[in-house]
Structure formats: structure tokens, C-alpha cells
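Structure, as C-alpha cells:
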Amino acid sequence: TKKKKGTKKRGVAGGCVGGGGGGGEESAMLEECNFCGAPKPSKEVSLRCIDEHRWKILIRLPNSERMVVEEVEEWMAFYQIYEGATYMNNGKTFIIRVLDFEKREAEAHGPVKLDYYTSVRDLSNLETAAPLLAYPPLQLKKVDEALREKKERKLLIAPPHYGPATVIKSFLGYTKLKRISGKFLDSVDLQMPQVWMKTFAAWIAVPEEVQQMVKRSARGSAMPWEEHLRGGLHAASHALINVLPLFARCSANDAVTLCDYPAATRFRPRSIVIADRCKGGNGLSLQAYKVFGELLETALKMSLQLYALSRLSRVRSDAQLLRI
């Protein structure tokens with residue numbers, strides 16, 4: 001509440017409540033509130049670090065004492081905390097030298113002047129368990145050549161599922177990149193512990209009919225049809241995550257999926273997966289499960305629109321070249 005000018009009245013318990021002068025209910029309103037506890041909760045609880053396990057980043061001071069400059073969630077810690085990592089604080093560059101896995105502490109040395117920065121190389125895996133919920137098969141609109149003829153036909157796809165999932169992150173090493181230009185300089189391997197996270201996910205398996213359609217479309221391609229399917233599932237998962245904010249109050253960064261790369265040899269389930277990014281889940285995958293059909297249709301329509309725009313811009317650029 002607003003404090004009257006020239007007055008400073010405190011209540012009992014070291015200023016927990018403020019006393020109002022004069023009589024009547026209006027004058028009894030609080031004029032000043034001071035927290036009587038120590039230390040302040042804002043200094044003990046970080047709203048950015050909601051994980052119960054956090055890593056502390058410490059900097060050694062000139063008097064040999066160490067000062068905590070940042071706390072990072074354990075789930076995301078190894079993206080910036082690893083031996084040899086460059087760490088920025090207040091515009092100064094430090095190097096992470098010592099990691100204490102028992103105390104969850106990382107010591108940064110510096111400041112130093114470097115012409116490079118580091119980027120971690122990681123590998124994520126997402127494993128789903130038996131579903132807790134499952135809808136019957138969905139009737140979705142399939143947009144293809146028939147749509148260009150203003151005809152729409154239904155495609156029966158597998159039902160979506162919702163249940164517990166485990167996200168496993170492996171940190172393989174890091175690369176040194178030139179500042180400003182981003183030119184590759186070096187690659188360093190690391191031996192870091194895996195990080196596990198129990199969460200929830202929504203997913204849908206790709207039916208055999210769709211797999212056969214991809215196989216027929218990939219005839220004559222130098223790439224095996226399995227690789228086309230693998231890359232398509234990866235792209236579709238990210239497309240669904242990017243349209244999820246249209247159906248829920250969230251950011252695309254609040255959800256994760258099973259990322260892939262061409263050289264991967266591990267088994268990848270033939271499914272489209274959306275998982276919650278935080279431990280224990282945040283409800284986004286459940287919301288995605290409820291509107292999975294709409295997510296698929298919206299992602300498909302937006303992808304087709306982007307494809308049409310890219311072709312249109314290509315035609316315009318070709319026309320400009322012809323004029324030249």
C-alpha cells in the first residue's frame with residue numbers, strides 16, 4: 001500500500017505489519033509491510049530453477065574464496081557446464097575447469113581472453129511406456145493431389161496415446177568454434193554421466209498404410225525409403241510442437257521430441273512424439289493428446305502454405321534473373 005509522506009509506523013515482530021494512525025477502519029489500513037524473516041525468500045528460491053537438484057557455478061575471487069554466480073537446473077546443466085566449456089558472466093569469459101559431481105558444483109577460472117566459444121555435442125533419446133489413455137482411431141483429412149481438385153478424402157490413422165515417458169540425454173563432447181564467424185576449430189570428446197528425466201508424452205504410431213505410401217513415393221530415390229520415413233517423422237514431430245501454442249498457452253520450447261540425424265544407427269520408433277520438457281510433466285502433452293487430430297491437420301496445412309510460399313518466391317527470383 002502507499003505510504004503517507006513523513007510517516008513511518010511499524011508494527012510488532014520487527015515490522016511484520018504496519019500500524020495506521022488515527023481512528024476508523026480506513027485509517028487502520030496497512031501503510032507499510034516489511035518481511036520479518038531472514039534471509040529473504042527471493043534470495044533463497046530461484047524462479048528460473050524449479051528443479052529440486054541444481055548445479056552451482058562458482059568463481060574464485062582474488063582472496064582465494066569462491067563465490068556462487070549462478071545456479072542451473074541439473075536437467076540443463078551439462079549444456080553449459082563441462083570441463084573446458086566457455087562460460088560468460090557479466091560480459092567476461094571464464095573456463096569451466098573443475099566439476100564436483102557429488103556436491104553439484106562447477107568452478108570457473110578466469111576471466112580470460114579467447115577467440116573461440118564452445119558448443120556441446122549431445123544425443124537425446126525418448127522412451128515411452130504403456131499408454132495410460134488411448135482414443136479410438138481418428139478420421140483426419142488427407143491433403144494431397146485430390147485437394148488440388150477441391151476434393152477431400154478421409155484417411156484412417158492409428159489412435160493417439162498418452163502415458164509416462166523417459167528422456168535420456170547423453171553428452172558426447174564439445175566443439176570449439178571461432179567467434180563471430182563460427183568456423184569449426186576443434187572437437188573434444190567427453191565422458192559425462194547420462195541425465196534421466198521422468199515425464200509424460202503423447203504419441204501416435206505410423207500405420208502400415210502410411211509406411212507403404214512413403215515406400216512407393218521413394219521409388220527411384222538414391223536414399224532408402226526408411227531414411228525418408230525417418231526424416232519425415234522427425235520433421236512432423238517438430239511441426240506439431242510448433243503449432244502446439246495455437247492450442248495451449250505455452251511456447252514451442254516447453255515441449256520436446258525424439259530428435260534424429262542421418263548418421264544415427266539406433267532404433268527409432270515409427271511414431272510422432274510430443275513430450276513435456278520438465279520433470280513430472282507440465283500438462284502440455286496431455287493437451288496435445290486431446291487435440292492430436294487438430295494438431296496434425298493444422299501442421300499439414302501450415303507446411304503446405306510454407307511450401308507454396310517458397311515455390312512462389314523461387315519463381316519470382318527466377319523471373320528477376322531472366323529480366324537481368
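All residue names refer to the C-alpha cells as shown: chains lettered A, B, ... in order, residues numbered from 1 in each chain, ligands numbered from 1 in order.
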DSSP helix (DSSP H, G or I) selection over segment 52-295 of chain A, as a PyMOL selection string: chain A and resi 74-77+145-148+208-217+225-246+252-254+284-290+292-295
Quick one: residues within 10 Å of Ile180 of chain A, only C-alpha atoms, excluding same-chain residues fewer than 3 positions away - as a PDB file with all heavy atoms, in the first residue's frame?
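After the write, around-v4.pdb holds the following:
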```pdb
ATOM      1  N   ASP A 115      39.466 -16.433 -28.412  1.00  0.00           N
ATOM      2  CA  ASP A 115      38.920 -16.123 -29.736  1.00  0.00           C
ATOM      3  C   ASP A 115      37.956 -17.199 -30.198  1.00  0.00           C
ATOM      4  O   ASP A 115      37.639 -17.292 -31.382  1.00  0.00           O
ATOM      5  CB  ASP A 115      40.038 -15.948 -30.754  1.00  0.00           C
ATOM      6  CG  ASP A 115      40.879 -17.217 -30.918  1.00  0.00           C
ATOM      7  OD1 ASP A 115      40.723 -18.142 -30.085  1.00  0.00           O
ATOM      8  OD2 ASP A 115      41.677 -17.285 -31.870  1.00  0.00           O
ATOM      9  N   TYR A 116      37.493 -18.033 -29.281  1.00  0.00           N
ATOM     10  CA  TYR A 116      36.555 -19.100 -29.624  1.00  0.00           C
ATOM     11  C   TYR A 116      35.533 -19.278 -28.502  1.00  0.00           C
ATOM     12  O   TYR A 116      35.693 -18.752 -27.395  1.00  0.00           O
ATOM     13  CB  TYR A 116      37.307 -20.422 -29.853  1.00  0.00           C
ATOM     14  CG  TYR A 116      37.901 -21.029 -28.599  1.00  0.00           C
ATOM     15  CD1 TYR A 116      37.158 -21.908 -27.806  1.00  0.00           C
ATOM     16  CD2 TYR A 116      39.203 -20.728 -28.205  1.00  0.00           C
ATOM     17  CE1 TYR A 116      37.692 -22.459 -26.653  1.00  0.00           C
ATOM     18  CE2 TYR A 116      39.747 -21.271 -27.056  1.00  0.00           C
ATOM     19  CZ  TYR A 116      38.984 -22.139 -26.281  1.00  0.00           C
ATOM     20  OH  TYR A 116      39.523 -22.679 -25.134  1.00  0.00           O
ATOM     21  N   TYR A 117      34.482 -19.999 -28.826  1.00  0.00           N
ATOM     22  CA  TYR A 117      33.498 -20.420 -27.831  1.00  0.00           C
ATOM     23  C   TYR A 117      33.212 -21.889 -28.041  1.00  0.00           C
ATOM     24  O   TYR A 117      33.584 -22.473 -29.073  1.00  0.00           O
ATOM     25  CB  TYR A 117      32.218 -19.581 -27.935  1.00  0.00           C
ATOM     26  CG  TYR A 117      31.465 -19.752 -29.237  1.00  0.00           C
ATOM     27  CD1 TYR A 117      30.419 -20.661 -29.359  1.00  0.00           C
ATOM     28  CD2 TYR A 117      31.790 -18.977 -30.356  1.00  0.00           C
ATOM     29  CE1 TYR A 117      29.731 -20.816 -30.545  1.00  0.00           C
ATOM     30  CE2 TYR A 117      31.111 -19.118 -31.547  1.00  0.00           C
ATOM     31  CZ  TYR A 117      30.075 -20.039 -31.632  1.00  0.00           C
ATOM     32  OH  TYR A 117      29.403 -20.181 -32.806  1.00  0.00           O
ATOM     33  N   LEU A 177      34.408 -23.287 -31.651  1.00  0.00           N
ATOM     34  CA  LEU A 177      34.012 -22.524 -32.822  1.00  0.00           C
ATOM     35  C   LEU A 177      34.579 -21.109 -32.733  1.00  0.00           C
ATOM     36  O   LEU A 177      34.612 -20.509 -31.648  1.00  0.00           O
ATOM     37  CB  LEU A 177      32.487 -22.466 -32.945  1.00  0.00           C
ATOM     38  CG  LEU A 177      31.767 -23.824 -32.982  1.00  0.00           C
ATOM     39  CD1 LEU A 177      30.265 -23.628 -32.913  1.00  0.00           C
ATOM     40  CD2 LEU A 177      32.154 -24.592 -34.233  1.00  0.00           C
ATOM     41  N   LYS A 183      33.458 -20.516 -37.383  1.00  0.00           N
ATOM     42  CA  LYS A 183      34.260 -21.528 -38.076  1.00  0.00           C
ATOM     43  C   LYS A 183      34.689 -22.631 -37.118  1.00  0.00           C
ATOM     44  O   LYS A 183      35.089 -22.371 -35.990  1.00  0.00           O
ATOM     45  CB  LYS A 183      35.491 -20.865 -38.698  1.00  0.00           C
ATOM     46  CG  LYS A 183      36.399 -21.821 -39.461  1.00  0.00           C
ATOM     47  CD  LYS A 183      37.615 -21.101 -40.016  1.00  0.00           C
ATOM     48  CE  LYS A 183      38.553 -22.065 -40.734  1.00  0.00           C
ATOM     49  NZ  LYS A 183      39.758 -21.364 -41.257  1.00  0.00           N
TER      50      LYS A 183
END
```
Polymer residues at most 6 Å from segment 118-127 of chain A, only C-alpha atoms, same-chain spacing of 3 or more positions, as a count of residues only: 15
Spatial neighbours of Ala239 of chain A, 12 Å, only C-alpha atoms, chain gap at least 2 places, as JSON, numbers by chain: {"A": [232, 233, 234, 235, 236, 237, 241, 242, 243, 244, 245, 252, 255, 256, 257, 272, 273, 274, 295, 296, 297, 298, 299, 300, 301, 302, 303, 304, 306]}
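Distances here use only C-alpha atoms; by that measure, the residue among A:Ser313, A:Asn282, A:Asn63, A:Asn90 closest to Lys198 of chain A is A:Asn282.
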Point-to-point distance from atom CA of Ser217 of chain A to atom CA of Arg230 of chain A, Å rounded to tenths: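 Computed distance, atom CA of Ser217 of chain A to atom CA of Arg230 of chain A, equals 14.0 Å.
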Would you mind listing what lies within 12 Å of Tyr162 of chain A as a compact mmCIF listing (two decimals) with N, CA and C atoms, in the first residue's frame, with only C-alpha atoms counted and same-chain residues fewer than 3 positions away left out?
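Generated file (around_39.txt):
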```txt
# COMPACT_ATOMS: atom_id res chain seq x y z
N THR A 128 8.93 -44.29 -24.48
CA THR A 128 7.56 -44.24 -23.97
C THR A 128 7.20 -45.59 -23.37
N ALA A 129 6.36 -45.53 -22.34
CA ALA A 129 5.90 -46.75 -21.67
C ALA A 129 4.49 -47.09 -22.16
N ALA A 130 3.86 -48.03 -21.48
CA ALA A 130 2.49 -48.41 -21.86
C ALA A 130 1.57 -47.21 -21.68
N PRO A 131 0.70 -46.93 -22.65
CA PRO A 131 -0.15 -45.74 -22.56
C PRO A 131 -1.16 -45.84 -21.42
N LEU A 132 -1.44 -44.68 -20.80
CA LEU A 132 -2.48 -44.61 -19.79
C LEU A 132 -3.84 -44.34 -20.43
N LEU A 133 -3.84 -43.60 -21.53
CA LEU A 133 -5.05 -43.24 -22.24
C LEU A 133 -4.87 -43.50 -23.72
N ALA A 134 -5.95 -43.84 -24.40
CA ALA A 134 -5.88 -44.05 -25.84
C ALA A 134 -7.26 -43.82 -26.44
N TYR A 135 -7.31 -42.98 -27.44
CA TYR A 135 -8.54 -42.71 -28.16
C TYR A 135 -8.75 -43.78 -29.24
N PRO A 159 -4.69 -44.59 -33.43
CA PRO A 159 -5.13 -43.72 -32.34
C PRO A 159 -3.94 -43.11 -31.60
N ALA A 165 6.83 -41.28 -19.88
CA ALA A 165 7.96 -41.36 -20.81
C ALA A 165 9.24 -41.02 -20.07
N THR A 199 8.92 -38.02 -17.33
CA THR A 199 7.93 -37.05 -17.73
C THR A 199 6.74 -37.78 -18.36
N PHE A 200 5.95 -37.06 -19.14
CA PHE A 200 4.81 -37.65 -19.84
C PHE A 200 4.86 -37.24 -21.31
N ALA A 201 4.23 -38.06 -22.14
CA ALA A 201 4.28 -37.81 -23.58
C ALA A 201 2.99 -38.26 -24.24
N ALA A 202 2.73 -37.66 -25.40
CA ALA A 202 1.64 -38.08 -26.28
C ALA A 202 2.27 -38.51 -27.60
N TRP A 203 1.80 -39.61 -28.15
CA TRP A 203 2.39 -40.10 -29.38
C TRP A 203 1.37 -40.84 -30.22
N ILE A 204 1.72 -41.01 -31.47
CA ILE A 204 0.85 -41.73 -32.39
C ILE A 204 1.75 -42.55 -33.31
N ALA A 205 1.44 -43.81 -33.44
CA ALA A 205 2.23 -44.71 -34.28
C ALA A 205 1.83 -44.53 -35.75
N ILE A 272 5.15 -40.38 -34.03
CA ILE A 272 5.29 -38.94 -33.81
C ILE A 272 5.07 -38.70 -32.32
N VAL A 273 6.04 -38.08 -31.66
CA VAL A 273 6.03 -37.97 -30.20
C VAL A 273 6.13 -36.51 -29.78
N ILE A 274 5.34 -36.14 -28.77
CA ILE A 274 5.45 -34.84 -28.11
C ILE A 274 5.53 -35.11 -26.61
N ALA A 275 6.59 -34.65 -25.96
CA ALA A 275 6.79 -34.89 -24.54
C ALA A 275 6.96 -33.59 -23.79
N ASP A 276 6.61 -33.58 -22.52
CA ASP A 276 6.81 -32.41 -21.66
C ASP A 276 8.30 -32.25 -21.38
N GLY A 281 6.25 -33.72 -15.83
CA GLY A 281 5.26 -33.26 -16.79
C GLY A 281 4.67 -31.91 -16.41
N GLY A 283 1.66 -30.92 -18.35
CA GLY A 283 0.31 -30.96 -18.89
C GLY A 283 0.20 -30.66 -20.37
N LEU A 284 1.30 -30.27 -21.02
CA LEU A 284 1.22 -29.94 -22.44
C LEU A 284 0.98 -31.18 -23.30
N SER A 285 1.65 -32.27 -22.96
CA SER A 285 1.44 -33.48 -23.75
C SER A 285 0.02 -34.01 -23.60
N LEU A 286 -0.57 -33.83 -22.42
CA LEU A 286 -1.96 -34.24 -22.24
C LEU A 286 -2.89 -33.39 -23.10
N GLN A 287 -2.61 -32.08 -23.16
CA GLN A 287 -3.40 -31.22 -24.02
C GLN A 287 -3.20 -31.60 -25.49
N ALA A 288 -1.96 -31.92 -25.86
CA ALA A 288 -1.70 -32.35 -27.23
C ALA A 288 -2.43 -33.64 -27.56
N TYR A 289 -2.50 -34.54 -26.59
CA TYR A 289 -3.21 -35.81 -26.78
C TYR A 289 -4.69 -35.58 -27.09
N LYS A 290 -5.27 -34.59 -26.41
CA LYS A 290 -6.70 -34.33 -26.58
C LYS A 290 -7.02 -33.75 -27.96
N VAL A 291 -6.06 -33.04 -28.55
CA VAL A 291 -6.32 -32.38 -29.85
C VAL A 291 -5.32 -32.86 -30.90
N PHE A 292 -4.90 -34.12 -30.80
CA PHE A 292 -3.86 -34.61 -31.71
C PHE A 292 -4.29 -34.52 -33.17
```
